[in-house]
Amino acid sequence: MTRSATLPFSFSLPPVEDNSRLRLFSGSANIPLAQEVARYLGMDLGPMVRKRFADGEIYIQIQESIRGCDVYLMQPTCFPVNDHLMELLIMIDACRRASARQITAVIPYYGYARADRKTAGRESITAKLVANLITEAGADRVLAMDLHSAQIQGYFDIPFDHVYGSPVLLDYLLSKNLSDIVVVSPDVGGVARARAFAKKLNDAPLAIIDKRRQAHNVAEVMNVIGDVAGKTAVLVDDMIDTAGTICEGARLLRKEGARQVYACATHAVFSPPAVERLSAGLFEEVIVTNTIPLPEEKQFRQLTMLSVANLLGETIWRIHEDSSVSSMFR
């Protein structure tokens, strides 16, 4: 069963004399999340015409004056990633040509992030390419959640706010009062993320899964570094795509004597055959957020979806009011 939950802790919006310069628009990628953010901010999504020509080209028209306004455009670049990325670029261009004072691209899920460096000859760095496209389209600022690697922020020459879904996941896990927790990183690259997660989860111990990836979306798990026997293992990652890595990790944790296994990730990409793998009984619960919308065919009994709308809404408000964003995560 899928359960939706709002942010367990609440913020209070400070009174302001005039917020008429703040505008929020949404692309087609995740309108329900954008509507939740708008409700948190006490406003409506801005009116916009979005349609396609016969050959598939995207047409965007903003249907209200945004001259001199601070415009926030919400659009995760999830599947179909090319369409949603192009739609975001066209939205930015439309707002720039409509004389918006500042344009912030709000990207709950930043696609093309996994190719963030060169690991072999003659390959592209798509994370940098997308950064160039967003900047050249006319964005003045970017707000993104749980990047695949933090270095992507450095690919932008405009202000970049990076926020985390971990407060939502942590508060949910703490509410379950689980005992003997060990936080597990599914690979060496995620150790920093898992360590920070464990520290906030009552200083839980940390374990690491040593794996060797043979090809894209194919992982071979080798062994566990750390003690998981008789414990509740919480696997933490930024995203779940085909679920090969996290499911192989869960099998190994079970083999090493873990009493229960939970999976936590901010982004539920869920490319086939992820749903079949995740629903096969390896996990007590798979906990994700709603940065990416999940249709009914991608939902299953063990899935819990938590909302990051309040978190994103508070971040947008703080950016608009020129107040601290990082203090939200201290």
# chains A, B, ... in the order shown; residues from 1 in each chain; ligands from 1

$ residues_around --residues "region 92-109 of chain A" --least-positions-apart "6" --cutoff "7 Å" --atoms "only C-alpha atoms" --output "JSON, numbers by chain"
{"A": [61, 66, 67, 68, 69, 70, 71, 72, 73, 74, 75, 76, 77, 78, 137, 138, 139, 140, 141, 142, 143, 144, 145, 267, 291, 292]}

$ select_by_dssp --residues "region 49-132 of chain A" --states "strand (DSSP E or B)" --output "ChimeraX atom specification"
/A:49-52,58-62,70-74,102-107

$ select_by_dssp --residues "region 5-127 of chain A" --states "alpha helix (DSSP H)" --output "PyMOL selection string"
chain A and resi 31-41+81-97+126-127

$ atom_distance --atom1 "CA of Ala258 (chain A)" --atom2 "CA of Pro272 (chain A)"
26.8 Å

$ residues_around --residues "region 230-240 of chain A" --least-positions-apart "2" --cutoff "6 Å" --atoms "only C-alpha atoms" --output "PyMOL selection string"
chain A and resi 180-185+228+243+257-269

$ write_last_selection --atoms "N, CA and C atoms" --output "PDB file, in the first residue's frame"
ATOM      1  N   ASP A 180      17.834  -1.504  17.170  1.00  0.00           N
ATOM      2  CA  ASP A 180      19.084  -2.068  16.640  1.00  0.00           C
ATOM      3  C   ASP A 180      19.289  -1.724  15.172  1.00  0.00           C
ATOM      4  N   ILE A 181      19.235  -0.424  14.869  1.00  0.00           N
ATOM      5  CA  ILE A 181      19.376   0.023  13.481  1.00  0.00           C
ATOM      6  C   ILE A 181      20.844   0.086  13.083  1.00  0.00           C
ATOM      7  N   VAL A 182      21.134  -0.364  11.877  1.00  0.00           N
ATOM      8  CA  VAL A 182      22.426  -0.112  11.247  1.00  0.00           C
ATOM      9  C   VAL A 182      22.138   0.484   9.868  1.00  0.00           C
ATOM     10  N   VAL A 183      22.753   1.631   9.592  1.00  0.00           N
ATOM     11  CA  VAL A 183      22.577   2.285   8.292  1.00  0.00           C
ATOM     12  C   VAL A 183      23.603   1.709   7.329  1.00  0.00           C
ATOM     13  N   VAL A 184      23.138   1.335   6.138  1.00  0.00           N
ATOM     14  CA  VAL A 184      23.998   0.651   5.175  1.00  0.00           C
ATOM     15  C   VAL A 184      24.106   1.474   3.893  1.00  0.00           C
ATOM     16  N   SER A 185      25.347   1.717   3.457  1.00  0.00           N
ATOM     17  CA  SER A 185      25.572   2.331   2.152  1.00  0.00           C
ATOM     18  C   SER A 185      25.663   1.227   1.103  1.00  0.00           C
ATOM     19  N   VAL A 228      26.010  -6.553  10.730  1.00  0.00           N
ATOM     20  CA  VAL A 228      24.572  -6.395  10.490  1.00  0.00           C
ATOM     21  C   VAL A 228      23.770  -7.544  11.098  1.00  0.00           C
ATOM     22  N   ALA A 243      16.806  -0.940  -9.495  1.00  0.00           N
ATOM     23  CA  ALA A 243      16.801  -1.610  -8.187  1.00  0.00           C
ATOM     24  C   ALA A 243      17.751  -2.801  -8.113  1.00  0.00           C
ATOM     25  N   GLY A 257      22.691 -12.123   8.035  1.00  0.00           N
ATOM     26  CA  GLY A 257      21.958 -12.239   9.289  1.00  0.00           C
ATOM     27  C   GLY A 257      21.146 -11.032   9.705  1.00  0.00           C
ATOM     28  N   ALA A 258      20.931 -10.060   8.817  1.00  0.00           N
ATOM     29  CA  ALA A 258      20.096  -8.907   9.156  1.00  0.00           C
ATOM     30  C   ALA A 258      18.671  -9.367   9.462  1.00  0.00           C
ATOM     31  N   ARG A 259      18.107  -8.832  10.547  1.00  0.00           N
ATOM     32  CA  ARG A 259      16.774  -9.253  10.980  1.00  0.00           C
ATOM     33  C   ARG A 259      15.688  -8.648  10.098  1.00  0.00           C
ATOM     34  N   GLN A 260      15.844  -7.372   9.761  1.00  0.00           N
ATOM     35  CA  GLN A 260      14.914  -6.672   8.872  1.00  0.00           C
ATOM     36  C   GLN A 260      15.724  -5.796   7.926  1.00  0.00           C
ATOM     37  N   VAL A 261      15.163  -5.527   6.740  1.00  0.00           N
ATOM     38  CA  VAL A 261      15.837  -4.667   5.770  1.00  0.00           C
ATOM     39  C   VAL A 261      14.835  -3.638   5.244  1.00  0.00           C
ATOM     40  N   TYR A 262      15.207  -2.368   5.370  1.00  0.00           N
ATOM     41  CA  TYR A 262      14.425  -1.258   4.829  1.00  0.00           C
ATOM     42  C   TYR A 262      15.249  -0.565   3.744  1.00  0.00           C
ATOM     43  N   ALA A 263      14.579  -0.037   2.742  1.00  0.00           N
ATOM     44  CA  ALA A 263      15.242   0.737   1.698  1.00  0.00           C
ATOM     45  C   ALA A 263      14.737   2.171   1.754  1.00  0.00           C
ATOM     46  N   CYS A 264      15.657   3.134   1.703  1.00  0.00           N
ATOM     47  CA  CYS A 264      15.302   4.557   1.712  1.00  0.00           C
ATOM     48  C   CYS A 264      15.987   5.245   0.537  1.00  0.00           C
ATOM     49  N   ALA A 265      15.236   5.995  -0.229  1.00  0.00           N
ATOM     50  CA  ALA A 265      15.813   6.771  -1.332  1.00  0.00           C
ATOM     51  C   ALA A 265      14.934   7.984  -1.587  1.00  0.00           C
ATOM     52  N   THR A 266      15.563   9.066  -2.020  1.00  0.00           N
ATOM     53  CA  THR A 266      14.794  10.277  -2.326  1.00  0.00           C
ATOM     54  C   THR A 266      14.042  10.128  -3.642  1.00  0.00           C
ATOM     55  N   HIS A 267      14.727   9.614  -4.665  1.00  0.00           N
ATOM     56  CA  HIS A 267      14.154   9.592  -6.013  1.00  0.00           C
ATOM     57  C   HIS A 267      13.756   8.183  -6.435  1.00  0.00           C
ATOM     58  N   ALA A 268      12.477   7.991  -6.693  1.00  0.00           N
ATOM     59  CA  ALA A 268      11.954   6.690  -7.128  1.00  0.00           C
ATOM     60  C   ALA A 268      11.885   6.667  -8.652  1.00  0.00           C
ATOM     61  N   VAL A 269      13.023   6.425  -9.294  1.00  0.00           N
ATOM     62  CA  VAL A 269      13.051   6.380 -10.756  1.00  0.00           C
ATOM     63  C   VAL A 269      12.286   5.166 -11.260  1.00  0.00           C
TER      64      VAL A 269
END

$ closest_atom_pairs --of "region 212-288 of chain A" --to "region 295-311 of chain A" --cutoff "7 Å" --atoms "only C-alpha atoms" --output "JSON lines"
{"residue": "A:Val275", "atom": "CA", "partner": "A:Lys298", "partner_atom": "CA", "distance": 6.1}
{"residue": "A:Ser279", "atom": "CA", "partner": "A:Phe300", "partner_atom": "CA", "distance": 6.4}
{"residue": "A:Glu284", "atom": "CA", "partner": "A:Gln302", "partner_atom": "CA", "distance": 6.5}
{"residue": "A:Glu285", "atom": "CA", "partner": "A:Gln302", "partner_atom": "CA", "distance": 4.7}
{"residue": "A:Val286", "atom": "CA", "partner": "A:Leu303", "partner_atom": "CA", "distance": 4.9}
{"residue": "A:Ile287", "atom": "CA", "partner": "A:Thr304", "partner_atom": "CA", "distance": 4.8}
{"residue": "A:Val288", "atom": "CA", "partner": "A:Met305", "partner_atom": "CA", "distance": 5.0}

$ closest_residue --among "A:Val168, A:Ile316, A:Met222, A:Ala274" --to "Gly249 (chain A)" --atoms "only C-alpha atoms"
A:Met222

$ decode --residues "region 17-160 of chain A" --atoms "C-alpha atoms" --output "compact mmCIF listing (two decimals), in the first residue's frame"
# COMPACT_ATOMS: atom_id res chain seq x y z
CA GLU A 17 3.97 43.21 3.23
CA ASP A 18 3.81 42.07 -0.39
CA ASN A 19 4.45 38.73 -2.05
CA SER A 20 2.87 39.73 -5.35
CA ARG A 21 6.23 39.42 -7.09
CA LEU A 22 6.43 35.70 -6.32
CA ARG A 23 5.11 33.43 -9.08
CA LEU A 24 5.11 29.63 -9.25
CA PHE A 25 4.61 27.68 -12.48
CA SER A 26 4.76 23.95 -13.14
CA GLY A 27 5.79 21.88 -16.10
CA SER A 28 3.96 18.65 -16.88
CA ALA A 29 6.42 16.31 -15.12
CA ASN A 30 4.96 16.45 -11.59
CA ILE A 31 1.96 18.76 -11.31
CA PRO A 32 0.61 17.20 -8.05
CA LEU A 33 3.85 18.06 -6.23
CA ALA A 34 3.78 21.61 -7.61
CA GLN A 35 0.18 22.00 -6.43
CA GLU A 36 1.21 20.89 -2.91
CA VAL A 37 4.05 23.43 -2.92
CA ALA A 38 1.65 26.15 -4.06
CA ARG A 39 -0.74 25.30 -1.22
CA TYR A 40 2.10 25.55 1.29
CA LEU A 41 2.95 28.99 -0.08
CA GLY A 42 -0.70 30.04 0.02
CA MET A 43 -0.95 30.71 -3.69
CA ASP A 44 -2.12 29.17 -6.95
CA LEU A 45 0.01 27.82 -9.76
CA GLY A 46 0.40 30.39 -12.51
CA PRO A 47 -1.71 29.90 -15.66
CA MET A 48 0.15 28.54 -18.65
CA VAL A 49 -0.68 27.04 -22.04
CA ARG A 50 1.21 23.84 -22.75
CA LYS A 51 0.63 21.93 -25.96
CA ARG A 52 2.35 20.01 -28.75
CA PHE A 53 2.44 20.53 -32.47
CA ALA A 54 1.65 17.59 -34.75
CA ASP A 55 5.32 16.67 -35.01
CA GLY A 56 5.80 16.60 -31.22
CA GLU A 57 7.34 20.06 -30.74
CA ILE A 58 6.44 21.65 -27.40
CA TYR A 59 4.69 25.03 -27.18
CA ILE A 60 4.58 27.11 -23.98
CA GLN A 61 2.83 30.40 -23.28
CA ILE A 62 2.67 32.15 -19.90
CA GLN A 63 -0.86 33.54 -19.50
CA GLU A 64 -0.30 36.35 -17.01
CA SER A 65 2.07 39.27 -16.71
CA ILE A 66 5.30 38.34 -14.93
CA ARG A 67 7.21 41.51 -15.74
CA GLY A 68 9.49 42.28 -12.79
CA CYS A 69 8.46 39.10 -10.92
CA ASP A 70 10.51 36.39 -9.23
CA VAL A 71 9.42 33.28 -11.11
CA TYR A 72 9.90 29.70 -9.90
CA LEU A 73 9.51 26.94 -12.48
CA MET A 74 8.98 23.43 -11.06
CA GLN A 75 10.00 20.56 -13.29
CA PRO A 76 11.80 17.34 -12.36
CA THR A 77 13.60 16.01 -15.43
CA CYS A 78 12.36 12.44 -14.99
CA PHE A 79 11.04 9.99 -17.61
CA PRO A 80 10.58 10.88 -20.42
CA VAL A 81 13.67 12.90 -19.55
CA ASN A 82 14.27 14.51 -22.95
CA ASP A 83 10.70 15.84 -23.18
CA HIS A 84 10.71 17.17 -19.64
CA LEU A 85 14.13 18.77 -19.99
CA MET A 86 13.13 20.47 -23.24
CA GLU A 87 9.88 21.66 -21.66
CA LEU A 88 11.85 23.21 -18.79
CA LEU A 89 14.17 25.03 -21.21
CA ILE A 90 11.20 26.39 -23.17
CA MET A 91 9.51 27.55 -19.95
CA ILE A 92 12.69 29.38 -18.93
CA ASP A 93 12.94 31.01 -22.35
CA ALA A 94 9.29 32.09 -22.25
CA CYS A 95 9.75 33.72 -18.84
CA ARG A 96 12.95 35.46 -19.87
CA ARG A 97 11.22 36.93 -22.92
CA ALA A 98 8.32 38.00 -20.67
CA SER A 99 10.74 40.20 -18.64
CA ALA A 100 10.73 38.20 -15.41
CA ARG A 101 13.09 39.81 -12.88
CA GLN A 102 14.57 36.49 -11.72
CA ILE A 103 13.96 32.94 -12.95
CA THR A 104 14.63 29.99 -10.64
CA ALA A 105 14.52 26.48 -12.08
CA VAL A 106 13.19 24.19 -9.32
CA ILE A 107 14.35 20.68 -10.26
CA PRO A 108 13.32 18.13 -7.60
CA TYR A 109 15.04 15.41 -9.64
CA TYR A 110 18.02 16.38 -11.82
CA GLY A 111 18.21 14.00 -14.77
CA TYR A 112 21.37 13.14 -16.72
CA ALA A 113 23.28 13.45 -13.41
CA ARG A 114 24.99 10.06 -13.46
CA ALA A 115 27.41 11.01 -16.24
CA ASP A 116 29.15 13.61 -14.06
CA ARG A 117 32.80 12.93 -14.94
CA LYS A 118 34.91 11.11 -17.53
CA THR A 119 35.68 7.52 -16.58
CA ALA A 120 36.68 6.43 -20.09
CA GLY A 121 37.81 8.05 -23.30
CA ARG A 122 35.42 9.71 -25.74
CA GLU A 123 32.41 9.90 -23.43
CA SER A 124 30.24 12.90 -22.62
CA ILE A 125 29.62 14.62 -19.29
CA THR A 126 25.87 15.10 -19.56
CA ALA A 127 25.49 16.63 -16.08
CA LYS A 128 27.61 19.56 -17.26
CA LEU A 129 25.84 19.72 -20.64
CA VAL A 130 22.45 20.05 -18.93
CA ALA A 131 23.86 22.75 -16.64
CA ASN A 132 24.99 24.69 -19.71
CA LEU A 133 21.56 24.31 -21.35
CA ILE A 134 19.68 25.56 -18.29
CA THR A 135 22.02 28.53 -17.87
CA GLU A 136 21.97 29.49 -21.56
CA ALA A 137 18.17 29.23 -21.65
CA GLY A 138 18.08 32.11 -19.16
CA ALA A 139 17.76 30.69 -15.62
CA ASP A 140 19.19 32.97 -12.94
CA ARG A 141 19.19 30.36 -10.18
CA VAL A 142 18.66 26.62 -9.67
CA LEU A 143 17.10 24.74 -6.77
CA ALA A 144 17.58 20.96 -6.81
CA MET A 145 17.15 18.10 -4.37
CA ASP A 146 19.61 15.28 -3.61
CA LEU A 147 21.92 15.48 -6.61
CA HIS A 148 23.58 12.23 -7.62
CA SER A 149 26.90 13.91 -6.78
CA ALA A 150 27.40 17.26 -5.05
CA GLN A 151 30.05 18.33 -7.55
CA ILE A 152 27.29 19.05 -10.10
CA GLN A 153 26.70 22.33 -8.28
CA GLY A 154 30.09 23.46 -9.55
CA TYR A 155 28.98 22.98 -13.17
CA PHE A 156 26.77 26.06 -12.83
CA ASP A 157 28.00 29.65 -12.95
CA ILE A 158 24.75 30.87 -11.38
CA PRO A 159 23.58 30.50 -7.74
CA PHE A 160 22.62 26.93 -6.87
